[in-house]
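To be precise, the following lines are structure.cif, and they hold mmCIF, C-alpha atoms and all ligand atoms.
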```
data_work
#
loop_
_atom_site.label_atom_id
_atom_site.label_comp_id
_atom_site.auth_asym_id
_atom_site.auth_seq_id
_atom_site.Cartn_x
_atom_site.Cartn_y
_atom_site.Cartn_z
CA MET A 1 6.71 -11.88 9.21
CA TYR A 2 5.16 -15.32 8.92
CA ASP A 3 7.00 -18.14 10.75
CA LYS A 4 9.67 -19.33 8.28
CA ASP A 5 10.14 -22.76 9.85
CA LEU A 6 6.45 -23.49 9.54
CA LEU A 7 6.54 -22.41 5.91
CA HIS A 8 9.57 -24.62 5.23
CA THR A 9 7.69 -27.60 6.63
CA LEU A 10 4.69 -26.75 4.48
CA PHE A 11 6.91 -26.48 1.42
CA ARG A 12 8.40 -29.93 2.06
CA GLU A 13 4.94 -31.44 2.43
CA LYS A 14 3.70 -29.86 -0.80
CA TYR A 15 6.66 -29.94 -3.13
CA GLY A 16 9.30 -32.21 -1.55
CA GLU A 17 12.99 -31.70 -0.77
CA HIS A 18 14.66 -29.04 -2.92
CA PRO A 19 17.12 -26.19 -2.60
CA VAL A 20 15.00 -23.16 -1.78
CA VAL A 21 15.26 -19.41 -1.34
CA THR A 22 13.14 -17.28 1.00
CA TYR A 23 11.68 -13.93 -0.05
CA PHE A 24 9.76 -11.29 1.86
CA SER A 25 7.60 -8.49 0.50
CA PRO A 26 6.30 -5.89 2.98
CA GLY A 27 3.00 -4.06 3.09
CA ARG A 28 3.04 -0.27 3.27
CA VAL A 29 1.50 2.37 5.42
CA ASN A 30 1.03 5.87 4.10
CA LEU A 31 1.75 8.46 6.78
CA ILE A 32 0.26 11.32 4.78
CA GLY A 33 -0.40 12.36 1.17
CA GLU A 34 -3.56 10.45 0.30
CA HIS A 35 -5.04 10.28 -3.18
CA ILE A 36 -2.45 12.62 -4.60
CA ASP A 37 0.15 10.24 -6.03
CA TYR A 38 -1.88 10.24 -9.27
CA ASN A 39 -2.09 14.04 -9.17
CA GLY A 40 1.65 14.69 -9.22
CA GLY A 41 1.88 15.27 -5.47
CA PHE A 42 4.27 14.38 -2.68
CA VAL A 43 3.51 11.36 -0.48
CA LEU A 44 5.12 10.02 2.70
CA PRO A 45 4.73 6.23 2.82
CA ALA A 46 6.84 3.52 4.49
CA ALA A 47 7.21 -0.24 4.05
CA ILE A 48 6.19 -2.11 7.23
CA SER A 49 7.26 -5.31 8.95
CA LEU A 50 3.99 -7.11 8.11
CA GLY A 51 4.06 -8.73 4.70
CA ILE A 52 4.12 -11.84 2.55
CA THR A 53 6.81 -14.50 3.02
CA ALA A 54 7.53 -17.00 0.24
CA ILE A 55 9.66 -20.15 0.07
CA VAL A 56 10.72 -20.67 -3.53
CA HIS A 57 12.35 -23.45 -5.51
CA HIS A 58 13.45 -22.13 -8.91
CA ARG A 59 12.71 -24.87 -11.46
CA SER A 60 14.58 -25.66 -14.65
CA ASP A 61 11.36 -25.94 -16.72
CA GLN A 62 8.55 -23.38 -17.14
CA VAL A 63 5.98 -24.76 -14.73
CA VAL A 64 4.77 -22.46 -11.96
CA ARG A 65 3.04 -23.88 -8.89
CA VAL A 66 1.95 -21.50 -6.16
CA TYR A 67 0.37 -22.58 -2.90
CA ALA A 68 -1.19 -19.74 -0.90
CA HIS A 69 -1.39 -20.93 2.68
CA ASP A 70 -3.85 -18.17 3.67
CA MET A 71 -6.30 -19.34 1.02
CA GLN A 72 -5.39 -23.04 1.35
CA GLU A 73 -5.34 -23.11 -2.42
CA GLU A 74 -2.90 -23.92 -5.21
CA VAL A 75 -2.65 -22.62 -8.78
CA VAL A 76 -0.58 -24.25 -11.52
CA PHE A 77 0.29 -22.78 -14.92
CA SER A 78 3.28 -22.27 -17.20
CA VAL A 79 5.25 -19.24 -18.28
CA GLY A 80 7.01 -18.69 -21.56
CA GLU A 81 5.31 -18.83 -24.91
CA TYR A 82 1.65 -18.50 -23.88
CA PRO A 83 -0.06 -15.58 -22.16
CA VAL A 84 -0.23 -16.20 -18.41
CA PHE A 85 -2.98 -13.63 -17.95
CA ASN A 86 -6.06 -14.10 -20.06
CA LYS A 87 -8.89 -12.27 -18.42
CA LYS A 88 -9.38 -11.09 -14.88
CA SER A 89 -11.76 -13.30 -12.95
CA GLU A 90 -14.88 -11.83 -11.33
CA PRO A 91 -14.51 -11.38 -8.44
CA LEU A 92 -10.76 -10.97 -8.56
CA HIS A 93 -8.82 -14.11 -7.65
CA TRP A 94 -5.54 -13.81 -5.70
CA SER A 95 -3.69 -15.50 -8.55
CA ASP A 96 -4.76 -12.71 -10.96
CA TYR A 97 -2.11 -10.48 -9.36
CA ILE A 98 0.53 -13.14 -9.99
CA ARG A 99 -0.49 -13.75 -13.58
CA ALA A 100 -0.79 -10.02 -14.27
CA THR A 101 2.75 -9.38 -13.01
CA LEU A 102 4.22 -12.27 -14.98
CA GLN A 103 2.36 -11.08 -18.07
CA VAL A 104 4.00 -7.65 -17.81
CA MET A 105 7.41 -9.33 -17.52
CA GLN A 106 6.61 -11.58 -20.47
CA ASP A 107 5.48 -8.54 -22.51
CA LYS A 108 8.93 -7.06 -21.82
CA LYS A 109 10.51 -10.29 -23.00
CA LEU A 110 12.27 -10.89 -19.70
CA PRO A 111 13.41 -14.52 -19.45
CA LEU A 112 11.03 -16.37 -17.11
CA GLY A 113 11.72 -19.76 -15.54
CA GLY A 114 9.35 -21.94 -13.56
CA ALA A 115 9.10 -22.08 -9.76
CA ASP A 116 7.41 -23.86 -6.88
CA ILE A 117 6.23 -21.31 -4.33
CA VAL A 118 4.64 -21.66 -0.92
CA MET A 119 3.60 -18.33 0.55
CA ALA A 120 1.81 -16.96 3.61
CA SER A 121 1.07 -13.52 4.90
CA ASP A 122 0.77 -11.77 8.24
CA LEU A 123 -0.43 -8.66 6.43
CA PRO A 124 -4.20 -8.29 6.65
CA LEU A 125 -5.47 -8.87 3.10
CA GLY A 126 -7.51 -6.20 1.34
CA ALA A 127 -7.22 -3.88 4.35
CA GLY A 128 -5.58 -0.83 2.80
CA LEU A 129 -2.00 -1.88 3.60
CA SER A 130 -1.29 -2.79 -0.02
CA SER A 131 -1.40 -6.56 0.08
CA SER A 132 -1.95 -6.55 -3.69
CA ALA A 133 1.10 -4.38 -4.41
CA ALA A 134 3.11 -6.54 -1.98
CA LEU A 135 2.15 -9.61 -4.01
CA GLU A 136 2.94 -7.95 -7.35
CA CYS A 137 6.36 -6.79 -6.13
CA LEU A 138 7.06 -10.20 -4.58
CA ILE A 139 6.36 -12.02 -7.84
CA ALA A 140 8.36 -9.54 -9.93
CA PHE A 141 11.29 -9.94 -7.53
CA ILE A 142 11.13 -13.74 -7.37
CA PHE A 143 11.05 -14.13 -11.15
CA GLY A 144 13.23 -11.15 -12.04
CA GLU A 145 15.63 -10.68 -9.15
CA GLU A 146 18.67 -10.29 -11.42
CA ASN A 147 16.93 -7.59 -13.38
CA TYR A 148 15.26 -5.68 -10.56
CA ARG A 149 17.76 -5.85 -7.71
CA ALA A 150 19.61 -2.83 -9.01
CA ASP A 151 16.60 -1.05 -10.47
CA ARG A 152 13.89 -0.95 -7.88
CA THR A 153 12.12 1.96 -9.52
CA GLN A 154 11.62 -0.20 -12.61
CA LEU A 155 10.31 -2.97 -10.36
CA ALA A 156 7.74 -0.55 -8.93
CA LEU A 157 6.75 0.67 -12.39
CA ASP A 158 6.30 -2.87 -13.75
CA ALA A 159 4.24 -3.92 -10.72
CA GLN A 160 2.11 -0.80 -11.19
CA THR A 161 1.61 -1.67 -14.88
CA ALA A 162 0.35 -5.11 -13.82
CA GLU A 163 -2.28 -3.49 -11.61
CA ARG A 164 -3.32 -0.87 -14.16
CA LYS A 165 -3.17 -2.76 -17.42
CA TYR A 166 -4.27 -6.21 -16.34
CA VAL A 167 -5.95 -6.07 -12.91
CA GLY A 168 -7.81 -2.94 -14.00
CA VAL A 169 -7.26 -0.51 -11.11
CA ASN A 170 -5.88 2.77 -12.36
CA CYS A 171 -3.60 3.14 -9.30
CA GLY A 172 -0.80 5.62 -8.66
CA ILE A 173 2.82 4.64 -8.02
CA MET A 174 2.96 5.10 -4.23
CA ASP A 175 2.30 1.54 -3.02
CA GLN A 176 4.62 -0.32 -5.38
CA PHE A 177 7.30 2.34 -4.92
CA ALA A 178 7.23 2.11 -1.12
CA ILE A 179 7.33 -1.69 -1.23
CA ALA A 180 10.20 -1.73 -3.73
CA ASN A 181 12.29 0.95 -1.99
CA GLY A 182 11.39 0.69 1.70
CA ARG A 183 14.07 1.03 4.33
CA GLU A 184 14.15 -0.04 7.97
CA LYS A 185 13.17 2.75 10.40
CA GLU A 186 12.50 5.18 7.55
CA ALA A 187 9.64 6.64 5.58
CA MET A 188 10.16 8.14 2.13
CA LEU A 189 9.21 11.53 0.81
CA LEU A 190 8.37 10.70 -2.78
CA ASN A 191 7.74 13.27 -5.47
CA CYS A 192 5.25 11.41 -7.64
CA ALA A 193 5.71 13.81 -10.56
CA THR A 194 9.42 12.99 -10.95
CA LEU A 195 9.88 9.83 -8.83
CA ASP A 196 12.70 11.57 -6.95
CA TYR A 197 12.66 10.58 -3.31
CA GLU A 198 14.50 10.97 -0.06
CA TYR A 199 14.31 8.95 3.14
CA VAL A 200 12.98 10.63 6.25
CA ARG A 201 13.71 9.03 9.60
CA ALA A 202 10.43 7.60 10.96
CA ASP A 203 11.13 8.67 14.50
CA PHE A 204 7.98 9.49 16.44
CA GLY A 205 9.80 10.33 19.66
CA THR A 206 7.88 9.19 22.71
CA ASN A 207 4.97 8.07 20.53
CA ASN A 208 3.98 4.99 18.58
CA LEU A 209 2.46 5.01 15.15
CA VAL A 210 -0.50 2.67 15.65
CA ILE A 211 -2.22 1.00 12.69
CA ILE A 212 -5.90 0.24 13.27
CA ASN A 213 -7.64 -2.18 10.92
CA SER A 214 -11.36 -1.38 10.82
CA ASN A 215 -12.10 -4.82 9.34
CA LYS A 216 -14.66 -3.06 7.17
CA SER A 217 -14.25 -4.44 3.68
CA ARG A 218 -13.32 -2.01 0.95
CA SER A 219 -15.97 -3.12 -1.50
CA LEU A 220 -16.49 0.32 -3.05
CA ALA A 221 -12.83 1.18 -3.24
CA GLU A 222 -12.12 0.02 -6.78
CA SER A 223 -15.00 1.74 -8.57
CA LYS A 224 -14.83 4.91 -6.45
CA TYR A 225 -11.08 5.06 -6.93
CA ASN A 226 -11.37 5.23 -10.70
CA GLU A 227 -14.23 7.75 -10.30
CA ARG A 228 -12.09 10.08 -8.14
CA ARG A 229 -9.31 9.95 -10.70
CA ALA A 230 -11.70 10.99 -13.43
CA GLU A 231 -13.01 13.86 -11.26
CA CYS A 232 -9.47 15.10 -10.66
CA ASP A 233 -8.73 14.98 -14.38
CA ALA A 234 -11.92 16.96 -15.06
CA ALA A 235 -11.03 19.59 -12.42
CA PHE A 236 -7.52 19.97 -13.81
CA ALA A 237 -8.80 20.29 -17.38
CA GLN A 238 -11.05 23.18 -16.32
CA MET A 239 -8.22 25.06 -14.58
CA SER A 240 -5.47 24.40 -17.11
CA PRO A 241 -6.37 27.25 -19.48
CA PHE A 242 -5.81 29.68 -16.58
CA ASP A 243 -2.96 28.08 -14.64
CA PRO A 244 0.44 26.92 -15.96
CA ALA A 245 0.75 24.07 -13.40
CA GLU A 246 1.65 20.66 -14.81
CA ASP A 247 -0.61 18.71 -12.49
CA LEU A 248 -3.50 19.19 -10.10
CA CYS A 249 -1.37 19.27 -6.94
CA HIS A 250 0.56 22.27 -8.21
CA VAL A 251 -2.21 24.61 -9.34
CA HIS A 252 -2.27 27.86 -7.38
CA GLU A 253 -4.87 27.94 -4.65
CA ILE A 254 -6.40 31.02 -6.27
CA SER A 255 -7.08 29.04 -9.45
CA LEU A 256 -9.54 26.86 -7.52
CA GLY A 257 -11.88 29.82 -8.04
CA TYR A 258 -12.20 28.83 -11.70
CA LEU A 259 -14.09 25.72 -10.69
CA SER A 260 -17.81 26.43 -10.67
CA ASP A 261 -18.83 22.89 -9.82
CA ASP A 262 -18.82 22.37 -6.03
CA MET A 263 -17.83 18.73 -6.20
CA LEU A 264 -14.86 19.35 -8.50
CA TYR A 265 -13.85 22.27 -6.28
CA LYS A 266 -13.74 20.03 -3.22
CA ARG A 267 -11.71 17.33 -4.97
CA ALA A 268 -9.17 19.85 -6.24
CA LYS A 269 -8.97 21.64 -2.90
CA HIS A 270 -8.08 18.35 -1.21
CA ALA A 271 -5.31 17.64 -3.73
CA VAL A 272 -3.73 21.09 -3.47
CA LEU A 273 -3.85 21.34 0.34
CA GLU A 274 -2.93 17.71 1.00
CA ASN A 275 0.23 18.22 -1.04
CA LYS A 276 1.21 21.14 1.19
CA ARG A 277 0.44 19.11 4.31
CA VAL A 278 2.85 16.38 3.20
CA LEU A 279 5.77 18.81 3.02
CA LEU A 280 4.86 20.31 6.39
CA ALA A 281 4.54 16.84 7.91
CA ALA A 282 7.95 15.74 6.59
CA GLU A 283 9.46 18.91 8.05
CA ALA A 284 7.72 18.35 11.38
CA MET A 285 8.93 14.75 11.54
CA GLU A 286 12.50 15.80 10.81
CA ALA A 287 12.28 18.47 13.51
CA GLY A 288 10.77 16.01 16.00
CA ASP A 289 7.66 18.22 16.26
CA MET A 290 5.09 15.52 16.90
CA GLU A 291 2.31 17.94 17.92
CA THR A 292 2.35 19.47 14.45
CA PHE A 293 2.75 16.10 12.77
CA GLY A 294 -0.27 14.76 14.65
CA GLN A 295 -2.40 17.79 13.79
CA LEU A 296 -1.59 17.39 10.12
CA LEU A 297 -2.74 13.76 10.24
CA THR A 298 -6.12 14.82 11.60
CA GLU A 299 -6.44 17.67 9.08
CA SER A 300 -5.71 15.20 6.30
CA HIS A 301 -8.49 12.95 7.56
CA ILE A 302 -11.04 15.76 7.68
CA SER A 303 -10.17 16.71 4.11
CA LEU A 304 -10.44 13.09 2.92
CA ASP A 305 -13.81 12.78 4.62
CA GLU A 306 -15.43 16.10 3.76
CA ASP A 307 -13.79 17.18 0.50
CA TYR A 308 -12.54 14.01 -1.13
CA GLU A 309 -15.35 11.85 0.29
CA VAL A 310 -13.45 8.57 0.56
CA SER A 311 -13.90 7.88 4.28
CA GLY A 312 -17.02 6.36 5.83
CA HIS A 313 -18.77 5.61 9.10
CA GLU A 314 -16.25 3.01 10.32
CA LEU A 315 -13.09 4.99 9.58
CA ASN A 316 -14.65 8.16 10.97
CA THR A 317 -15.63 6.35 14.16
CA ILE A 318 -12.05 5.20 14.68
CA VAL A 319 -10.65 8.68 14.04
CA HIS A 320 -13.29 10.25 16.28
CA TYR A 321 -12.52 8.09 19.31
CA SER A 322 -8.78 8.14 18.64
CA THR A 323 -8.58 11.92 18.57
CA HIS A 324 -10.73 12.17 21.71
CA PHE A 325 -8.31 9.97 23.64
CA ASP A 326 -5.96 11.91 25.89
CA GLY A 327 -2.55 10.81 24.63
CA CYS A 328 -3.37 10.64 20.91
CA LEU A 329 -1.81 13.47 18.90
CA GLY A 330 -3.68 12.86 15.67
CA ALA A 331 -5.29 10.20 13.50
CA ARG A 332 -6.49 9.60 9.97
CA MET A 333 -7.57 6.97 7.48
CA THR A 334 -4.70 5.59 5.38
CA GLY A 335 -4.81 4.12 1.87
CA ALA A 336 -7.63 4.36 -0.66
CA GLY A 337 -10.41 4.49 1.98
CA PHE A 338 -14.02 3.21 2.12
CA GLY A 339 -12.84 0.79 4.81
CA GLY A 340 -9.40 -0.62 5.54
CA CYS A 341 -7.05 1.01 8.03
CA CYS A 342 -6.46 4.16 10.06
CA ILE A 343 -3.27 5.34 11.71
CA ALA A 344 -2.93 7.19 15.00
CA LEU A 345 0.01 8.82 16.74
CA VAL A 346 -0.19 7.76 20.37
CA GLU A 347 2.03 8.24 23.43
CA LYS A 348 3.94 5.00 23.96
CA GLU A 349 2.96 4.45 27.56
CA LYS A 350 -0.72 5.09 26.87
CA THR A 351 -0.84 2.82 23.81
CA PRO A 352 -2.32 -0.28 25.54
CA ARG A 353 -5.11 1.85 27.07
CA PHE A 354 -5.68 3.55 23.71
CA MET A 355 -6.15 0.19 22.01
CA GLN A 356 -8.57 -0.96 24.67
CA TYR A 357 -10.61 2.26 24.60
CA VAL A 358 -10.85 2.70 20.84
CA GLY A 359 -11.46 -1.03 20.33
CA LYS A 360 -14.35 -0.99 22.82
CA LYS A 361 -16.00 2.17 21.49
CA TYR A 362 -15.61 1.01 17.90
CA ALA A 363 -17.24 -2.35 18.64
CA GLU A 364 -20.14 -0.61 20.44
CA LYS A 365 -20.76 1.77 17.54
CA THR A 366 -20.26 -0.57 14.59
CA GLY A 367 -20.47 -4.15 15.83
CA LEU A 368 -17.02 -4.73 14.29
CA LYS A 369 -13.78 -5.74 15.98
CA ALA A 370 -10.77 -3.56 15.19
CA ASP A 371 -7.22 -4.96 15.09
CA PHE A 372 -4.25 -2.91 16.30
CA PHE A 373 -0.57 -3.04 15.32
CA VAL A 374 2.34 -0.84 16.31
CA ALA A 375 3.98 0.02 12.98
CA GLU A 376 7.62 -0.90 12.43
CA MET A 377 9.21 0.39 9.25
CA SER A 378 10.97 -2.24 7.19
CA ASP A 379 13.24 -2.79 4.19
CA GLY A 380 11.61 -3.26 0.80
CA VAL A 381 11.00 -6.54 -1.05
CA ARG A 382 14.00 -8.82 -0.65
CA ARG A 383 15.61 -12.23 -0.50
CA LEU A 384 15.91 -13.12 3.17
CA ALA A 385 18.99 -15.28 3.44
CA ASP A 386 21.39 -17.17 1.21
CA ALA A 387 19.90 -20.20 -0.47
CA ASP A 388 19.27 -22.75 2.22
CA SER A 389 18.69 -26.35 1.30
CA LEU A 390 15.82 -28.31 2.75
C1 LIG B 1 -4.28 3.13 -3.33
C2 LIG B 1 -3.45 3.30 -4.61
C3 LIG B 1 -2.34 4.32 -4.42
C4 LIG B 1 -2.88 5.62 -3.83
C5 LIG B 1 -3.76 5.35 -2.61
C6 LIG B 1 -4.45 6.58 -2.11
O1 LIG B 1 -3.52 2.54 -2.32
O2 LIG B 1 -2.90 2.07 -5.02
O3 LIG B 1 -1.69 4.55 -5.64
O4 LIG B 1 -3.53 6.37 -4.80
O5 LIG B 1 -4.76 4.39 -2.89
O6 LIG B 1 -3.53 7.49 -1.65
#
```
Would you put the structure from the file into structure tokens?
Amino acid sequence: MYDKDLLHTLFREKYGEHPVVTYFSPGRVNLIGEHIDYNGGFVLPAAISLGITAIVHHRSDQVVRVYAHDMQEEVVFSVGEYPVFNKKSEPLHWSDYIRATLQVMQDKKLPLGGADIVMASDLPLGAGLSSSAALECLIAFIFGEENYRADRTQLALDAQTAERKYVGVNCGIMDQFAIANGREKEAMLLNCATLDYEYVRADFGTNNLVIINSNKSRSLAESKYNERRAECDAAFAQMSPFDPAEDLCHVHEISLGYLSDDMLYKRAKHAVLENKRVLLAAEAMEAGDMETFGQLLTESHISLDEDYEVSGHELNTIVHYSTHFDGCLGARMTGAGFGGCCIALVEKEKTPRFMQYVGKKYAEKTGLKADFFVAEMSDGVRRLADADSL
């Protein structure tokens, strides 16, 4: 979490002395269940302690001023009668996520007041830890706390609508759901077909869950993401006449035989088997069976690389050296892929050596510097303390 005192000082410099409220929106890490939230599958994500912190003064008029410390940039606009989102900028501007979220709330005729906001993040941006969903959920919560506090599923759905309808990425529900509903020390087993979920204790025994940022930008992610979705829809359409399943994750394995196209076969195979791996992984975590949990992580990676084809040289290099380290039980890419982050399950006492080894090998092979974090699971988007006056 970004230093709150520093942010308070920044707020005072920018917007003067006012009563303010502090909000925090976490990033998320997905333990397993990749690219299946939009195929009706199970996923196992968790909100993490890295995220976006915002100091907010709720105004009595309809002016919104947001200063993003990471970008050293301010945007000013008003909410209310006029559309706040006109057209997405090319390339995407950070404020597009804010305008998109407010537009969804305005479309729903939720009452919106103005606000002065100073925000900063310790979540790496655009790195596969859902910084965009964290921002969408943060904005929805700041402007609609009354409405969303008791209905966090609706918060997730509205933030997802912002991303799909206005930002233009046809994403699933996993990221926004994890950020809205996260809980300290827990992951959640989410059924994306029904949005039923249960918390699963994120206890890795004598191991750490290490997040490794490849620092490889995810330039392809958006276009390839929409392409994969279309391929899954095509695969499902071809099997539907022969299989009663309601979504791709639930077709019978035998029905994969109806797919004559190799590429569609591989996409569908990933979805069906990844869904099974999620349930096995949740069971293994509950039973404290970290060997099995680790193996499932690595199997998931191989499937994402070979069958779903969303990995790449950088992520594969990290997983390769991670899994060859004595003391690592398994590793995989996490998030949409094509860059971004990996996770690895590593014995606690060997974690510093793991970071040194993988960091060195990765730099030798790719010329890039990896960043390492030990994941801590956190509560979802929230107000941090009672209103404190500056
Ligand atoms: C992105 C999307 C999610 C999910 C993952 C892949 O993070 O926003 O909905 O599809 O990719 O698992």
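Restricting the calculation to all atoms listed in the file, the smallest distance between ligand LIG 1 (chain B) and any of A:Pro83, A:Gly51, A:Gly340, A:Pro241 is found for A:Gly340.
Contact shell of Gly294 of chain A at 9 Å (only C-alpha atoms; same-chain neighbours under 2 positions omitted): Ala281, Asp289, Met290, Glu291, Thr292, Leu296, Leu297, Thr298, Glu299, Cys328, Leu329, Gly330, Ala331, Ala344 and Leu345 of chain A.
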Residues of the last selection are to be written out with C-alpha atoms, as an mmCIF file, keeping the file's coordinate frame.
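Below is the file that was written, part_13.cif:
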```cif
data_model
loop_
_atom_site.group_PDB
_atom_site.id
_atom_site.type_symbol
_atom_site.label_atom_id
_atom_site.label_comp_id
_atom_site.auth_asym_id
_atom_site.auth_seq_id
_atom_site.Cartn_x
_atom_site.Cartn_y
_atom_site.Cartn_z
ATOM 1 C CA ALA A 281 4.540 16.840 7.910
ATOM 2 C CA ASP A 289 7.660 18.220 16.260
ATOM 3 C CA MET A 290 5.090 15.520 16.900
ATOM 4 C CA GLU A 291 2.310 17.940 17.920
ATOM 5 C CA THR A 292 2.350 19.470 14.450
ATOM 6 C CA LEU A 296 -1.590 17.390 10.120
ATOM 7 C CA LEU A 297 -2.740 13.760 10.240
ATOM 8 C CA THR A 298 -6.120 14.820 11.600
ATOM 9 C CA GLU A 299 -6.440 17.670 9.080
ATOM 10 C CA CYS A 328 -3.370 10.640 20.910
ATOM 11 C CA LEU A 329 -1.810 13.470 18.900
ATOM 12 C CA GLY A 330 -3.680 12.860 15.670
ATOM 13 C CA ALA A 331 -5.290 10.200 13.500
ATOM 14 C CA ALA A 344 -2.930 7.190 15.000
ATOM 15 C CA LEU A 345 0.010 8.820 16.740
#
```
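Residues in contact with ligand LIG 1 (chain B) comprise Asn30, Gly33, Glu34, His35, Ile36, Asp37, Tyr38, Gly128, Leu129, Ser130, Ala133, Val169, Asn170, Cys171, Gly172, Ile173, Met174, Asp175, Gln176, Tyr225, Thr334, Gly335, Ala336 and Gly337 of chain A, where contact means an atom-to-atom distance of at most 8 Å counting all atoms listed in the file.
Interatomic distance, atom CA of Leu195 of chain A against atom CA of Asp158 of chain A: 14.1 Å.
Distances here use all atoms listed in the file; by that measure, the residue among A:Lys216, A:Lys88, A:Arg229, A:Arg383 closest to Gly312 of chain A is A:Lys216.
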So that I can check the surroundings of segment 106-113 of chain A, please list as a PDB file with C-alpha atoms, in the coordinates of the input every protein, DNA and RNA residue that reaches within 8 Å of it, counting all atoms listed in the file and ignoring chain neighbours fewer than 2 positions away.
```pdb
ATOM      1  CA  HIS A  58      13.450 -22.130  -8.910  1.00  0.00           C
ATOM      2  CA  ARG A  59      12.710 -24.870 -11.460  1.00  0.00           C
ATOM      3  CA  SER A  60      14.580 -25.660 -14.650  1.00  0.00           C
ATOM      4  CA  ASP A  61      11.360 -25.940 -16.720  1.00  0.00           C
ATOM      5  CA  GLN A  62       8.550 -23.380 -17.140  1.00  0.00           C
ATOM      6  CA  VAL A  63       5.980 -24.760 -14.730  1.00  0.00           C
ATOM      7  CA  VAL A  79       5.250 -19.240 -18.280  1.00  0.00           C
ATOM      8  CA  GLY A  80       7.010 -18.690 -21.560  1.00  0.00           C
ATOM      9  CA  PRO A  83      -0.060 -15.580 -22.160  1.00  0.00           C
ATOM     10  CA  LEU A 102       4.220 -12.270 -14.980  1.00  0.00           C
ATOM     11  CA  GLN A 103       2.360 -11.080 -18.070  1.00  0.00           C
ATOM     12  CA  VAL A 104       4.000  -7.650 -17.810  1.00  0.00           C
ATOM     13  CA  ALA A 115       9.100 -22.080  -9.760  1.00  0.00           C
ATOM     14  CA  PHE A 143      11.050 -14.130 -11.150  1.00  0.00           C
ATOM     15  CA  GLY A 144      13.230 -11.150 -12.040  1.00  0.00           C
TER      16      GLY A 144
END
```
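Nearest-residue note for Thr317 of chain A: choosing from A:Lys361, A:Arg228, A:His69, A:His93, the minimum distance belongs to A:Lys361, counting all atoms listed in the file.
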Discussion item. Could you check the closest approach to Ala178 of chain A for each of A:Met333, A:Ile318, A:Val21, A:Leu31 and tell me which residue wins, using all atoms listed in the file?
Written reply: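 Counting all atoms listed in the file, the residue closest to Ala178 of chain A is A:Leu31.
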Practice prompt. Could you check how far atom CA of Ala140 of chain A sits from atom CA of Asn215 of chain A, in Å to one decimal?
Written response: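 Atom CA of Ala140 of chain A sits 28.5 Å away from atom CA of Asn215 of chain A.
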Complete the atom set of segment 37-49 of chain A to N, CA and C atoms and return it as a PDB file, keeping the file's coordinate frame.
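Dumped everything to selection.pdb:
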```pdb
ATOM      1  N   ASP A  37      -0.963  10.773  -5.223  1.00  0.00           N
ATOM      2  CA  ASP A  37       0.150  10.240  -6.030  1.00  0.00           C
ATOM      3  C   ASP A  37      -0.198  10.318  -7.518  1.00  0.00           C
ATOM      4  N   TYR A  38      -1.499  10.155  -7.852  1.00  0.00           N
ATOM      5  CA  TYR A  38      -1.880  10.240  -9.270  1.00  0.00           C
ATOM      6  C   TYR A  38      -2.203  11.672  -9.691  1.00  0.00           C
ATOM      7  N   ASN A  39      -1.918  12.620  -8.810  1.00  0.00           N
ATOM      8  CA  ASN A  39      -2.090  14.040  -9.170  1.00  0.00           C
ATOM      9  C   ASN A  39      -0.764  14.789  -9.104  1.00  0.00           C
ATOM     10  N   GLY A  40       0.333  14.054  -9.198  1.00  0.00           N
ATOM     11  CA  GLY A  40       1.650  14.690  -9.220  1.00  0.00           C
ATOM     12  C   GLY A  40       2.117  15.222  -7.882  1.00  0.00           C
ATOM     13  N   GLY A  41       1.545  14.725  -6.789  1.00  0.00           N
ATOM     14  CA  GLY A  41       1.880  15.270  -5.470  1.00  0.00           C
ATOM     15  C   GLY A  41       3.028  14.566  -4.775  1.00  0.00           C
ATOM     16  N   PHE A  42       3.309  15.044  -3.563  1.00  0.00           N
ATOM     17  CA  PHE A  42       4.270  14.380  -2.680  1.00  0.00           C
ATOM     18  C   PHE A  42       3.506  13.425  -1.773  1.00  0.00           C
ATOM     19  N   VAL A  43       4.125  12.295  -1.433  1.00  0.00           N
ATOM     20  CA  VAL A  43       3.510  11.360  -0.480  1.00  0.00           C
ATOM     21  C   VAL A  43       4.596  10.919   0.507  1.00  0.00           C
ATOM     22  N   LEU A  44       4.165  10.401   1.642  1.00  0.00           N
ATOM     23  CA  LEU A  44       5.120  10.020   2.700  1.00  0.00           C
ATOM     24  C   LEU A  44       4.820   8.610   3.217  1.00  0.00           C
ATOM     25  N   PRO A  45       5.028   7.597   2.385  1.00  0.00           N
ATOM     26  CA  PRO A  45       4.730   6.230   2.820  1.00  0.00           C
ATOM     27  C   PRO A  45       5.959   5.524   3.417  1.00  0.00           C
ATOM     28  N   ALA A  46       5.738   4.342   3.978  1.00  0.00           N
ATOM     29  CA  ALA A  46       6.840   3.520   4.490  1.00  0.00           C
ATOM     30  C   ALA A  46       6.455   2.055   4.318  1.00  0.00           C
ATOM     31  N   ALA A  47       7.452   1.205   4.056  1.00  0.00           N
ATOM     32  CA  ALA A  47       7.210  -0.240   4.050  1.00  0.00           C
ATOM     33  C   ALA A  47       7.161  -0.675   5.519  1.00  0.00           C
ATOM     34  N   ILE A  48       6.348  -1.684   5.830  1.00  0.00           N
ATOM     35  CA  ILE A  48       6.190  -2.110   7.230  1.00  0.00           C
ATOM     36  C   ILE A  48       6.621  -3.571   7.411  1.00  0.00           C
ATOM     37  N   SER A  49       6.715  -3.973   8.677  1.00  0.00           N
ATOM     38  CA  SER A  49       7.260  -5.310   8.950  1.00  0.00           C
ATOM     39  C   SER A  49       6.237  -6.427   8.718  1.00  0.00           C
TER      40      SER A  49
END
```
